[in-house]
Structure formats: C-alpha cells, structure tokens
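Coordinates from data26.csv are shown below (CSV, C-alpha atoms and all ligand atoms).
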```
chain,number,residue,atom,x,y,z
L,826,MET,CA,7.4,-24.4,-8.5
L,827,ASN,CA,7.3,-22.9,-5.0
L,828,ALA,CA,7.1,-19.1,-5.2
L,829,ILE,CA,10.2,-17.3,-4.1
L,830,LEU,CA,9.6,-15.0,-1.1
L,831,PRO,CA,5.8,-14.8,-1.5
L,832,GLY,CA,4.5,-11.5,-0.2
L,833,ALA,CA,7.7,-9.6,-0.9
L,834,PRO,CA,7.3,-6.3,-2.9
L,835,TRP,CA,9.0,-6.6,-6.3
L,836,LEU,CA,10.1,-3.6,-8.3
L,837,VAL,CA,9.4,-5.0,-11.8
L,838,ALA,CA,10.1,-2.0,-14.0
L,839,HIS,CA,11.0,1.7,-14.1
L,840,ARG,CA,8.5,3.7,-16.2
L,841,SER,CA,11.2,4.4,-18.8
L,842,MET,CA,11.4,0.7,-19.6
L,843,LEU,CA,7.8,0.5,-20.8
L,844,GLY,CA,7.8,2.9,-23.7
L,845,ILE,CA,4.4,4.3,-24.7
L,846,ASN,CA,1.6,2.1,-26.0
L,847,LYS,CA,3.9,-0.9,-26.2
L,848,PRO,CA,3.4,-4.3,-24.5
L,849,TYR,CA,6.1,-5.1,-22.0
L,850,LYS,CA,6.4,-8.7,-20.9
L,851,ILE,CA,7.7,-9.7,-17.5
L,852,THR,CA,7.9,-13.0,-15.7
L,853,LEU,CA,7.5,-13.0,-11.9
L,854,ASN,CA,7.5,-16.2,-9.8
L,855,ASN,CA,6.8,-18.3,-12.8
L,856,CYS,CA,3.8,-16.3,-14.2
L,857,ASP,CA,4.0,-14.1,-17.3
L,858,TYR,CA,2.4,-10.7,-17.3
L,859,VAL,CA,2.0,-7.9,-19.8
L,860,ILE,CA,2.4,-4.3,-18.7
L,861,TRP,CA,1.7,-1.2,-20.9
L,862,GLN,CA,1.6,2.5,-20.5
L,863,ASN,CA,-0.7,4.9,-22.4
L,864,SER,CA,0.3,8.3,-23.6
L,865,GLN,CA,-1.1,9.9,-20.4
L,866,GLY,CA,1.3,7.8,-18.3
L,867,LYS,CA,-1.4,5.5,-17.0
L,868,ILE,CA,-0.1,1.9,-16.5
L,869,PHE,CA,-2.0,-1.3,-16.9
L,870,ALA,CA,-1.1,-5.0,-16.3
L,871,LEU,CA,-2.7,-8.3,-17.1
L,872,GLU,CA,-1.7,-11.9,-16.9
L,873,ASN,CA,-0.1,-12.6,-20.3
L,874,VAL,CA,-2.5,-15.4,-21.2
L,875,CYS,CA,-5.5,-14.6,-23.5
L,876,PRO,CA,-8.6,-16.0,-21.9
L,877,HIS,CA,-9.8,-17.2,-25.4
L,878,MET,CA,-7.1,-19.7,-26.6
L,879,GLN,CA,-4.2,-18.7,-24.4
L,880,ALA,CA,-2.1,-16.7,-26.8
L,881,PRO,CA,0.5,-14.4,-25.2
L,882,LEU,CA,-1.0,-11.0,-25.1
L,883,SER,CA,2.4,-9.4,-25.1
L,884,ASN,CA,2.8,-10.3,-28.7
L,885,GLY,CA,-0.3,-8.2,-29.5
L,886,TRP,CA,-0.7,-4.5,-29.8
L,887,ILE,CA,-2.2,-1.6,-27.8
L,888,CYS,CA,-5.2,0.5,-29.0
L,889,GLN,CA,-4.3,4.1,-28.3
L,890,THR,CA,-7.9,5.3,-28.1
L,891,HIS,CA,-9.1,2.7,-25.5
L,892,SER,CA,-5.7,2.0,-23.9
L,893,SER,CA,-6.6,-1.7,-24.4
L,894,ILE,CA,-4.5,-4.6,-25.6
L,895,THR,CA,-5.4,-6.7,-28.6
L,896,CYS,CA,-4.6,-10.4,-28.7
L,897,PRO,CA,-2.3,-11.4,-31.6
L,898,PHE,CA,-4.3,-14.6,-32.3
L,899,HIS,CA,-8.0,-13.6,-33.0
L,900,ALA,CA,-7.7,-9.9,-32.2
L,901,LEU,CA,-9.9,-9.8,-29.2
L,902,GLU,CA,-9.4,-6.6,-27.2
L,903,PHE,CA,-9.1,-6.4,-23.4
L,904,ASN,CA,-8.8,-3.3,-21.1
L,905,GLY,CA,-6.6,-3.0,-18.1
L,906,GLU,CA,-9.2,-4.6,-15.8
L,907,GLY,CA,-9.3,-7.7,-18.0
L,908,LYS,CA,-12.8,-6.9,-19.6
L,909,LEU,CA,-13.4,-7.6,-23.2
L,910,VAL,CA,-13.7,-4.4,-25.2
L,911,LYS,CA,-16.2,-4.4,-28.0
L,912,ASP,CA,-17.0,-1.4,-30.2
L,913,GLY,CA,-14.9,0.7,-27.9
L,914,GLU,CA,-16.8,-0.3,-24.7
L,915,PRO,CA,-15.8,-2.7,-22.0
L,916,LYS,CA,-18.4,-5.6,-21.8
L,917,GLY,CA,-19.4,-7.7,-18.8
L,918,GLU,CA,-17.1,-9.2,-16.1
L,919,ALA,CA,-13.3,-9.3,-16.3
L,920,ILE,CA,-12.2,-12.5,-18.0
L,921,ALA,CA,-8.5,-11.8,-18.3
L,922,ASN,CA,-6.7,-11.7,-14.9
L,923,ALA,CA,-5.4,-8.2,-13.9
L,924,LEU,CA,-2.1,-7.8,-12.1
L,925,ASP,CA,-2.3,-5.4,-9.2
L,926,LEU,CA,0.5,-2.7,-9.5
L,927,ILE,CA,1.6,-0.1,-7.1
L,928,VAL,CA,3.0,2.8,-9.2
L,929,GLN,CA,5.1,5.2,-7.1
L,930,ASP,CA,6.4,8.0,-9.3
L,931,ASP,CA,8.3,6.1,-12.0
L,932,LEU,CA,8.7,2.9,-10.1
L,933,ILE,CA,6.3,0.0,-10.8
L,934,TRP,CA,5.9,-2.4,-7.9
L,935,THR,CA,3.8,-5.5,-7.4
L,936,TYR,CA,3.3,-8.4,-5.0
L,937,GLY,CA,2.2,-10.7,-7.9
L,938,ILE,CA,-0.6,-12.9,-6.7
L,939,PHE,CA,0.4,-12.7,-3.0
L,940,GLU,CA,-0.8,-10.8,0.0
L,941,PRO,CA,1.8,-8.2,1.1
L,942,ARG,CA,4.1,-9.2,3.9
L,943,LEU,CA,6.4,-6.2,3.7
L,944,PRO,CA,5.6,-2.6,2.8
L,945,ILE,CA,7.0,-1.0,-0.4
L,946,PRO,CA,10.4,0.3,0.7
L,947,ASN,CA,10.9,4.1,0.3
L,948,LEU,CA,14.7,3.8,-0.1
L,949,ILE,CA,14.7,5.0,-3.7
L,950,SER,CA,12.4,8.0,-3.2
L,951,GLU,CA,14.3,9.1,-0.1
L,952,ARG,CA,17.8,8.7,-1.4
L,953,THR,CA,17.2,10.3,-4.9
L,954,LYS,CA,16.1,13.7,-3.6
L,955,GLY,CA,18.3,16.2,-5.5
L,956,PHE,CA,19.4,13.6,-8.0
L,957,ASN,CA,18.6,13.3,-11.6
L,958,PHE,CA,17.6,10.0,-13.2
L,959,VAL,CA,20.2,9.0,-15.8
L,960,ASP,CA,19.0,5.8,-17.3
L,961,ILE,CA,18.5,2.1,-16.9
L,962,THR,CA,21.4,-0.3,-17.5
L,963,GLY,CA,22.5,-3.9,-17.0
L,964,SER,CA,19.1,-5.4,-17.7
L,965,LYS,CA,19.5,-9.1,-17.8
L,966,SER,CA,17.8,-12.4,-17.1
L,967,ILE,CA,20.4,-14.2,-15.0
L,968,GLN,CA,20.3,-18.0,-15.5
L,969,ALA,CA,20.6,-18.6,-11.7
L,970,SER,CA,18.4,-18.9,-8.7
L,971,PHE,CA,17.3,-15.8,-6.8
L,972,PHE,CA,19.3,-16.7,-3.8
L,973,ASN,CA,22.6,-17.2,-5.7
L,974,SER,CA,21.9,-13.9,-7.5
L,975,ILE,CA,21.2,-11.8,-4.4
L,976,ARG,CA,24.0,-13.4,-2.3
L,977,ILE,CA,26.8,-11.8,-4.5
L,978,ASN,CA,25.5,-8.4,-3.5
L,979,TYR,CA,26.2,-9.1,0.1
L,980,ASP,CA,29.5,-10.9,-0.6
L,981,PHE,CA,32.3,-8.6,0.5
L,982,ASN,CA,35.1,-10.8,-0.6
L,983,HIS,CA,34.2,-11.1,-4.3
L,984,GLN,CA,35.4,-7.7,-5.7
L,985,ASN,CA,39.1,-8.6,-6.0
L,986,GLY,CA,38.1,-11.8,-7.9
L,987,VAL,CA,35.0,-11.0,-9.9
L,988,HIS,CA,35.9,-7.3,-10.5
L,989,HIS,CA,39.6,-7.7,-10.9
L,990,ASP,CA,39.3,-7.3,-14.7
L,991,ILE,CA,38.9,-3.7,-15.8
L,992,PHE,CA,38.1,-2.2,-12.3
L,993,ARG,CA,41.4,-3.7,-10.9
L,994,ILE,CA,40.1,-3.9,-7.4
L,995,ARG,CA,42.7,-5.5,-5.2
L,996,ASP,CA,40.9,-5.3,-1.8
L,997,ASN,CA,37.7,-3.9,-0.3
L,998,PRO,CA,38.0,-3.6,3.4
L,999,VAL,CA,34.7,-3.1,5.2
L,1000,GLN,CA,34.5,-0.3,7.8
L,1001,SER,CA,31.0,-1.0,9.1
L,1002,PHE,CA,28.0,-3.3,8.8
L,1003,ASP,CA,24.7,-2.4,10.5
L,1004,SER,CA,21.4,-4.1,10.0
L,1005,ASP,CA,17.9,-3.5,11.2
L,1006,GLY,CA,15.5,-6.2,10.1
L,1007,TYR,CA,15.3,-6.2,6.3
L,1008,TYR,CA,17.4,-3.0,6.0
L,1009,ALA,CA,21.2,-3.0,6.1
L,1010,LYS,CA,24.1,-0.6,5.5
L,1011,VAL,CA,27.7,-1.2,4.8
L,1012,ILE,CA,30.6,1.2,4.4
L,1013,GLN,CA,33.6,-0.2,2.4
L,1014,THR,CA,36.6,1.0,0.6
L,1015,PHE,CA,37.8,-0.1,-2.8
L,1016,LEU,CA,41.5,-0.1,-3.3
L,1017,ARG,CA,42.3,-0.2,-7.0
L,1018,GLU,CA,45.4,-0.8,-9.1
L,1019,ASN,CA,46.3,1.2,-12.1
L,1020,ASN,CA,44.3,0.7,-15.3
L,1021,THR,CA,46.0,-0.1,-18.6
L,1022,LEU,CA,45.7,2.4,-21.4
L,1023,ASN,CA,43.6,-0.1,-23.4
L,1024,GLU,CA,41.1,-0.4,-20.5
L,1025,ILE,CA,40.8,3.4,-20.2
L,1026,LEU,CA,40.2,3.7,-24.0
L,1027,GLN,CA,37.5,1.1,-23.8
L,1028,ASN,CA,35.9,2.6,-20.7
L,1029,PRO,CA,36.8,6.3,-20.4
L,1030,SER,CA,34.7,6.6,-17.2
L,1031,LEU,CA,37.5,4.7,-15.4
L,1032,LEU,CA,39.4,8.0,-15.4
L,1033,ASN,CA,36.8,9.2,-12.9
L,1034,LEU,CA,37.5,6.4,-10.5
L,1035,PRO,CA,40.2,7.2,-8.0
L,1036,LYS,CA,42.6,4.6,-6.7
L,1037,GLN,CA,40.7,4.6,-3.4
L,1038,ILE,CA,37.0,4.9,-3.3
L,1039,VAL,CA,34.8,4.9,-0.2
L,1040,ASN,CA,31.4,3.4,-0.9
L,1041,GLU,CA,28.2,3.2,1.0
L,1042,LEU,CA,25.8,0.4,0.3
L,1043,GLU,CA,22.3,0.2,1.6
L,1044,TYR,CA,20.1,-2.8,1.3
L,1045,SER,CA,16.3,-3.2,1.3
L,1046,PHE,CA,15.8,-6.9,1.3
L,1047,PRO,CA,14.9,-8.6,-1.0
L,1048,CYS,CA,14.7,-6.3,-4.0
L,1049,ILE,CA,17.1,-3.4,-3.7
L,1050,THR,CA,20.9,-2.9,-3.3
L,1051,LEU,CA,21.9,0.7,-3.4
L,1052,PHE,CA,25.5,1.5,-4.2
L,1053,LYS,CA,26.5,5.1,-3.6
L,1054,ALA,CA,29.9,6.5,-4.7
L,1055,LYS,CA,31.5,9.9,-4.7
L,1056,ILE,CA,33.5,10.4,-7.8
L,1057,SER,CA,35.2,13.5,-9.3
L,1058,LEU,CA,32.0,14.3,-11.3
L,1059,GLY,CA,29.8,14.3,-8.2
L,1060,GLU,CA,27.7,11.6,-6.6
L,1061,ILE,CA,26.3,8.5,-8.2
L,1062,LEU,CA,23.5,6.2,-7.1
L,1063,GLN,CA,23.1,2.8,-8.5
L,1064,PHE,CA,20.1,0.8,-7.5
L,1065,PHE,CA,20.6,-2.8,-8.3
L,1066,ILE,CA,17.2,-4.4,-8.6
L,1067,LEU,CA,16.5,-8.1,-8.5
L,1068,TYR,CA,13.3,-10.2,-8.8
L,1069,PRO,CA,12.7,-13.9,-9.3
L,1070,GLU,CA,11.4,-14.9,-12.8
L,1071,THR,CA,11.4,-18.7,-12.1
L,1072,GLU,CA,13.3,-21.0,-9.8
L,1073,ASN,CA,16.4,-20.8,-12.0
L,1074,LYS,CA,16.1,-17.4,-13.6
L,1075,THR,CA,16.4,-14.0,-11.9
L,1076,ARG,CA,15.8,-10.6,-13.5
L,1077,THR,CA,18.2,-7.7,-12.8
L,1078,PHE,CA,18.5,-4.1,-13.9
L,1079,VAL,CA,20.2,-1.0,-12.5
L,1080,ILE,CA,18.6,2.4,-12.1
L,1081,LEU,CA,21.3,5.0,-12.2
L,1082,TYR,CA,21.0,8.5,-10.7
L,1083,GLY,CA,23.5,11.3,-10.6
L,1084,ASN,CA,24.1,14.6,-8.8
L,1085,TRP,CA,26.8,16.3,-10.7
L,1086,CYS,CA,28.9,19.0,-9.2
L,1087,ASN,CA,31.7,19.1,-11.8
L,1088,PRO,CA,31.1,22.0,-14.3
L,1089,MET,CA,32.1,19.6,-17.1
L,1090,MET,CA,28.7,18.0,-16.6
L,1091,LYS,CA,27.0,21.3,-17.6
L,1092,ILE,CA,28.1,20.8,-21.2
L,1093,PRO,CA,25.3,18.7,-22.7
L,1094,GLY,CA,27.2,16.7,-25.3
L,1095,LEU,CA,30.0,15.9,-22.9
L,1096,ARG,CA,27.6,15.0,-20.1
L,1097,PHE,CA,25.8,12.7,-22.5
L,1098,LEU,CA,29.1,10.9,-23.3
L,1099,ILE,CA,30.2,10.6,-19.7
L,1100,GLU,CA,26.8,9.3,-18.6
L,1101,ARG,CA,26.8,6.7,-21.4
L,1102,SER,CA,30.3,5.6,-20.3
L,1103,LEU,CA,29.1,5.3,-16.7
L,1104,LEU,CA,26.1,3.3,-17.8
L,1105,LYS,CA,28.4,1.0,-19.8
L,1106,ALA,CA,30.8,0.6,-16.8
L,1107,THR,CA,27.8,-0.3,-14.6
L,1108,ALA,CA,26.5,-2.8,-17.1
L,1109,LYS,CA,30.0,-4.4,-17.1
L,1110,VAL,CA,29.8,-4.8,-13.3
L,1111,VAL,CA,26.5,-6.5,-13.6
L,1112,GLU,CA,27.9,-8.8,-16.4
L,1113,GLN,CA,30.9,-9.7,-14.2
L,1114,ASP,CA,28.8,-10.5,-11.2
L,1115,TYR,CA,26.3,-12.6,-13.0
L,1116,THR,CA,28.6,-14.4,-15.4
L,1117,THR,CA,30.3,-15.7,-12.1
L,1118,VAL,CA,26.9,-16.6,-10.5
L,1119,GLU,CA,25.8,-18.5,-13.6
L,1120,SER,CA,29.1,-20.5,-13.7
L,1121,LEU,CA,28.8,-21.9,-10.1
L,1122,TYR,CA,28.5,-25.6,-9.5
L,1123,PRO,CA,25.8,-26.8,-7.1
L,1124,GLN,CA,26.2,-25.5,-3.6
L,1125,GLN,CA,28.1,-27.6,-1.1
L,1126,GLU,CA,29.2,-26.9,2.5
L,1127,PRO,CA,32.2,-24.6,2.2
L,1128,LYS,CA,35.5,-26.1,3.5
L,1129,ILE,CA,37.0,-22.7,4.1
L,1130,ARG,CA,35.8,-19.4,5.5
L,1131,LEU,CA,36.8,-15.8,4.7
L,1132,PRO,CA,36.4,-12.7,6.9
L,1133,ARG,CA,33.4,-10.5,6.4
L,1134,GLU,CA,31.2,-13.4,5.5
L,1135,GLU,CA,28.7,-12.4,8.3
L,1136,ILE,CA,27.1,-10.0,5.8
L,1137,MET,CA,26.4,-12.9,3.5
L,1138,PHE,CA,25.1,-15.0,6.4
L,1139,TYR,CA,22.7,-12.1,7.2
L,1140,VAL,CA,21.1,-12.3,3.8
L,1141,GLN,CA,21.1,-16.1,3.9
L,1142,LYS,CA,19.2,-16.0,7.2
L,1143,LEU,CA,16.6,-13.5,5.9
L,1144,TYR,CA,16.1,-15.6,2.8
L,1145,HIS,CA,15.8,-19.0,4.6
L,1146,GLU,CA,13.7,-17.7,7.5
L,1147,TRP,CA,11.2,-15.8,5.2
O,1201,LIG,S1,-6.4,-16.5,-28.4
O,1201,LIG,FE1,-6.6,-14.5,-28.0
O,1201,LIG,S2,-8.2,-13.8,-29.2
O,1201,LIG,FE2,-8.1,-16.0,-29.5
O,1202,FE,FE,30.0,-7.4,-7.7
```

Represent the supplied structure as structure tokens.
Amino acid sequence: MNAILPGAPWLVAHRSMLGINKPYKITLNNCDYVIWQNSQGKIFALENVCPHMQAPLSNGWICQTHSSITCPFHALEFNGEGKLVKDGEPKGEAIANALDLIVQDDLIWTYGIFEPRLPIPNLISERTKGFNFVDITGSKSIQASFFNSIRINYDFNHQNGVHHDIFRIRDNPVQSFDSDGYYAKVIQTFLRENNTLNEILQNPSLLNLPKQIVNELEYSFPCITLFKAKISLGEILQFFILYPETENKTRTFVILYGNWCNPMMKIPGLRFLIERSLLKATAKVVEQDYTTVESLYPQQEPKIRLPREEIMFYVQKLYHEW
C-alpha cells in the first residue's frame, strides 16, 4: 500500500482514550502500533510486532513497576524504547521498533515512520482556552478511504440529505469560505424543521438546538475539522479527527469541549445527563456521515454540479497535490 499523505501529522488519540497501564492498539498507514500510559501519565509506543515470533504486543500486559509491555506469547518484556527488560533492567540495543510520539497536553500526535512535512497544528490548544473537555465520542473505523471520509466534512450540500433524519436540517447556506494553505474557515447556517416528540424523547439534547443555528467550521488539513456552535447551554466545540488506518479504512473520533453559561449546567447530575445526550447526538452525526460514505459506489465523473462545491474542490486539491 502507498502511504496516505506521508509526513502529515496525525492525532491518533486523546489521553483519555488510553486508560492507565493498558495496551491501546492503533493502525496508521497500514502499520499496527501499541500505545500505553503509565500511572504518572508518561506515554510509550512501539510497533505492535514482537521481535521474537511476531505476536501482537497489544494482546499482552503492562508491568506497572517498569512501565514495560509483556508479550502475550512467551512473556518477553520490552520497555518504551524497544529494549528487552530482564530482571527489571533494560538490556542491550532496542530490538522492538519504537514509534515517535509528540504529546501535547492530552493530545497524542505522530508522523508514523515519515519525516514531518507540516508542523503539528495548534488549532485545538488555541480554541479550547476557557473550555472544559467533555469526552470522546463517535470513535469508529470507517470502511472507506481517507479521501472519501474527509471529503464529507467539506461537503456543504450533504446536511439536508445525510442529516435530515433526527436533525431535520432542510438547508445550510454558506455565508463565507476562506482558506489559507492547509487552514480553512467556513461560516454556515443550519435551517431546521421541527422535531417529532419521539425524536426528542430519544435525543433530549435536540431541545437545545434552535431552528436556526449559525456555525463556524475551521479546518486544519488533513486531520482536524472543528465545528463550533452556540446553543442555549453555552458554546460547544467538536473536533472531528480523522487518520488513515489502511487504504480502505479510516479512523475517526470526536473530542468534545464545552463552555457552559447556562446555570442549569452548574447542577452536576443534570450537567452529566445533558453532556451524555450531547455526546450521543454527536455520535449520531458521525454515524450518519460515515454510513453514507461507506455506502458509496466507486467514484465516477459527476454529471451534475451543486453550488458550494468549491469547498470540496479545495480539499480535493490539497489531497491530490500533497
Ligand atoms: S512472540 Fe513475543 S515473546 Fe515470543
Ligand atoms: Fe455531516
């Protein structure tokens, strides 16, 4: 397989996804890796292949004392540099391949095996000042190429189709689109129809969504799409993250942050329920997007064009000219 966008920075996990002293497996550009975090918050990563007889290290376990990983096959132990650990001490040269990580606060970035071609974007750290981390939602391995998966985030004609169910979006006019290299910003408005009682009962957070919502989207190609919305509870930031697992599989997850101004959100139990409902609604958006993407037939030359497709052509150009 040819690597997808070699040299791009990929956000492969948020710290909260790792747990403590637990192997966490990821696949990036056709390579499997294992990541783990010790109780002091230090994070380690190796290629997932045991250098003895190629067992997947992620099926093994973490030694809390040495912060090392033990292979599930013959119980050899490796530290985060890939050195064999014997009697509690690392021995000799590294024999398992380490994966270089760049950990910025709670965000775990990597370039995989490639030389960096773009710096790590600071969009998340800059926009989340004054916000609280809510949780991760919508984690999914999409059975579709990276390009098809990213394209829907730049498609400003899909909301009234894909998100018609539940969110009842009937139109989403775009007020502005500005781009500067790998960064882009879009202002759009969602115009919604009324929800049915049944939909509200299933997703109470729909009550917080007005009939007309002005959204701001910011993009840091290729990894991040930020969706910002002001709702009656306050402000919400959804970072939609994507990275290529293989040629036909793409990983996504959403990091949700909130800045609540509504006094209701000061009541802990209520806040918890509302936040869960928001996470659920976000996961639904992800599911709607990627069920559609997974259902597409192979791409052909479109025989019809819609307005606002220039935003999609922008990402198409960045991808193909990488
Ligand atoms: S395969 Fe890992 S210890 Fe033998
Ligand atoms: Fe969507």

Exercise. For Tyr1122 (chain L), which of L:Ile1049, L:Leu901, L:Val987, L:Ala969 is the closest residue, counting only C-alpha atoms?
Worked result: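 For Tyr1122 (chain L), the nearest of the candidates is L:Ala969.
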
Problem set entry | region 920-930 of chain L surroundings by all atoms listed in the file, 10 Å radius, close-in-sequence under 4 positions cut, as a PyMOL selection string | chain L and resi 834-840+858-860+867-877+903-909+934-939+945+947+950

Problem set entry | Counting all atoms listed in the file, the option among L:Asp990, L:Asp1003, L:Glu918, L:Asp960 closest to ligand FE 1202 (chain O) |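 Comparing L:Asp990, L:Asp1003, L:Glu918, L:Asp960 against ligand FE 1202 (chain O), the winner is L:Asp990.
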
For this session: With only C-alpha atoms and all ligand atoms counted, collect every polymer residue having an atom within 7 Å of ligand FE 1202 (chain O); state the result as a list in words.
Result: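 Checked against 7 Å with only C-alpha atoms and all ligand atoms; the hits are Ile977, Asn978, His983, Gln984, Val987, His988, Val1110, Val1111, Gln1113 and Asp1114 of chain L.
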
Exercise. Quick one: of L:Pro941, L:Gly1083, L:Pro1047, L:Pro1029, who's nearest to Ala1009 (chain L), counting all atoms listed in the file?
Worked result: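 Looking at the shortest contact to Ala1009 (chain L), the residue is L:Pro1047.
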
Exercise. Which one is closest to Leu948 (chain L): L:Asp996, L:Glu1043, L:Glu1119, L:Glu902? Count all atoms listed in the file.
Worked result: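 The shortest atom-to-atom distance to Leu948 (chain L) comes from L:Glu1043.
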
For this session: Produce as a list in words the set of residues near ligand LIG 1201 (chain O), where near means within 6 Å with all atoms listed in the file considered.
Result: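 Result of the 6 Å neighbour search around ligand LIG 1201 (chain O): Cys875, His877, Met878, Gln879, Ala880, Cys896, Phe898, His899, Ala900 and Leu901 of chain L.
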
Exercise. To one decimal place, how far is CA of Trp1147 (chain L) from CA of Thr1077 (chain L) in Å?
Worked result: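 Calculated distance between CA of Trp1147 (chain L) and CA of Thr1077 (chain L) is 20.9 Å.
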
Taking the point (13.4, -5.5, 4.1) as given in the file, collect each protein or nucleic acid residue that comes within 6 Å of it, counting only C-alpha atoms, and present the set as a short mmCIF file (atom, residue, chain, number, x, y, z; two decimals) with C-alpha atoms, in the frame of the given file.
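Okay, this is what ended up in out.cif:
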```cif
data_model
loop_
_atom_site.label_atom_id
_atom_site.label_comp_id
_atom_site.auth_asym_id
_atom_site.auth_seq_id
_atom_site.Cartn_x
_atom_site.Cartn_y
_atom_site.Cartn_z
CA TYR L 1007 15.30 -6.20 6.30
CA TYR L 1008 17.40 -3.00 6.00
CA SER L 1045 16.30 -3.20 1.30
CA PHE L 1046 15.80 -6.90 1.30
#
```

Problem set entry | From L:Asn1073, L:Met1090, L:Asn973, L:Ser966, residue lying nearest Gln1141 (chain L) [only C-alpha atoms] |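 Between L:Asn1073, L:Met1090, L:Asn973, L:Ser966, the residue approaching Gln1141 (chain L) most closely is L:Asn973.
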
So which residues are close to (19.1, 14.9, -15.3), meaning at most 9 Å away in the file's coordinates with only C-alpha atoms counted, and can you show them as a PDB file with C-alpha atoms, in the frame of the given file?
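The resulting file, point-v9.pdb, is shown below:
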```
ATOM      1  CA  PHE L 956      19.400  13.600  -8.000  1.00  0.00           C
ATOM      2  CA  ASN L 957      18.600  13.300 -11.600  1.00  0.00           C
ATOM      3  CA  PHE L 958      17.600  10.000 -13.200  1.00  0.00           C
ATOM      4  CA  VAL L 959      20.200   9.000 -15.800  1.00  0.00           C
ATOM      5  CA  TYR L1082      21.000   8.500 -10.700  1.00  0.00           C
ATOM      6  CA  GLY L1083      23.500  11.300 -10.600  1.00  0.00           C
ATOM      7  CA  ASN L1084      24.100  14.600  -8.800  1.00  0.00           C
TER       8      ASN L1084
END
```

For this session: Counting only C-alpha atoms, figure out which residue out of L:Val1039, L:Leu1143, L:Leu1131, L:Ser964 gets nearest to Glu1060 (chain L).
Result: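 Once distances to Glu1060 (chain L) are computed over only C-alpha atoms, the minimum belongs to L:Val1039.
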